[in-house]
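Undergrad: Below is a structure I'd like to ask you about.
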Amino acid sequence: MKDIEKQYYKLFKDFVEIINSSLDVSEVLNMIAENFVKSLNIKACAIFLLDRTWKALKVRASYGLSDAYLNKGSLDANKSIAETLNGKSVMIYDVTNDSRIQYPEEAKKEGIASILSVPITVMGKIIGELRLYTAEPYEFSEDEREFISDLADMGAVAIDRAQYFRSFRDVSTLISKSLDLNEVLDSITTNLARSLITKGCAIFLLSKIENRLKLKSSYGLSDAYLNKGPIDAEKSIAGCLDGKPVFVLDATTDPRTQYGAEAEKEGIASIFSVPISAKGQIIGVLRIYTAKPHEFTENETEFIFGITEMGGIAIENANMYDQLKGEHEKLIDDAIRWFEFGRTT
């Protein structure tokens, strides 16, 4: 076997061990970056994930790069090797003379000659980029690019699994130890938005008297959008209250959306609305908002359903606690009145 073949075989073998070794996202990503550098004998590696707006790339792990370079400024997804987010691997042979590099002077100062950027994809959804940096000018072959892209996608599966596990763990732990409903629901909206890399998430509970959906928790949405007006249960993605999830690809034009113009102003493209039930009754909805049109994958949908069911359990627990608390307080009041009555007779 040739040296290069041995090198890539070892990289693959080590990679498999890494992605099966931990459910901690940061730990997995840092091990992946380090392994690329050491196995390929290159200068550095960095892993970037898209933020919730899909407009910026945030570094999540790196190996071989200085803090000064990593903190050089925000990476605009539309300016920094943008073709990668179209699903293509991109080879930059000379970072000092290529318009696709957002920070060429900083790259030169860092001692970077060439960069290979490959998309990180989960179930057809691009969630970020993996970049390899060389100190000397180097052109990765097509075979090398394809192999590295395949490894990046394997890493994406590990990221996906670890993020979902962490969210389930955080929410379930909070439900088991807290009876503060607002705290639990805030944890659900925050974890969902961050894990799915979406613009935002909100939970609404149904007020049957007013036939409206009342906001209970949100993450990533502006006050202006949240206060846009009352949400009519019969006008705002009403099919969800029949117990079925409803997907709206274009929230700005779909008639099922009550506030299309406000959604467009907020930068919302798609909405996925899932019913929340407790004791067999629909009590509200959970909604996921994306900054770009996006159809949710099977894995994403199952994850959303799982977290939503946990939300229903949390609401049921909180209601049961409030009921027991009320009954307990009534018993105490009755006992006090009985005692006072006994003293006066």
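Ligands are numbered from 1 in the order shown, chains are lettered A, B, ... in the order of the structure tokens, and residues start at 1 in each chain.
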Any chance you could list, as a list in words, the residues in stretch 137-263 of chain A that come up strand (DSSP E) when DSSP is run on the backbone?
TA: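 Assigned to strand (DSSP E), within stretch 137-263 of chain A: Gly200, Cys201, Ala202, Ile203, Phe204, Leu205, Leu206, Ser207, Arg212, Leu213, Lys214, Leu215, Lys216, Ser217, Ser218, Tyr219, Ile231, Asp232, Val246, Phe247 and Val248 of chain A.
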Undergrad: As JSON, numbers by chain, please: every residue in stretch 100-163 of chain A that a backbone DSSP assignment puts in helix (DSSP H, G or I).
TA: {"A": [104, 105, 106, 107, 108, 109, 110, 142, 143, 144, 145, 146, 147, 148, 149, 150, 151, 152, 153, 154, 155, 156, 157, 158, 159, 160, 161, 162, 163]}
Undergrad: Of the candidates A:Ala33, A:Ile237, A:Ile315, A:Val285, which shows the shortest atom-to-atom distance to A:Ala202, using only C-alpha atoms?
TA: A:Val285
Undergrad: Record the distance separating atom CA of A:Ser141 and atom CA of A:Asp160, expressed in Å with one decimal.
TA: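 Between atom CA of A:Ser141 and atom CA of A:Asp160 the gap is 28.4 Å.
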Undergrad: Tell me, in Å to one decimal, how far atom CA of A:Ile276 is from atom CA of A:Ile231.
TA: 16.3 Å
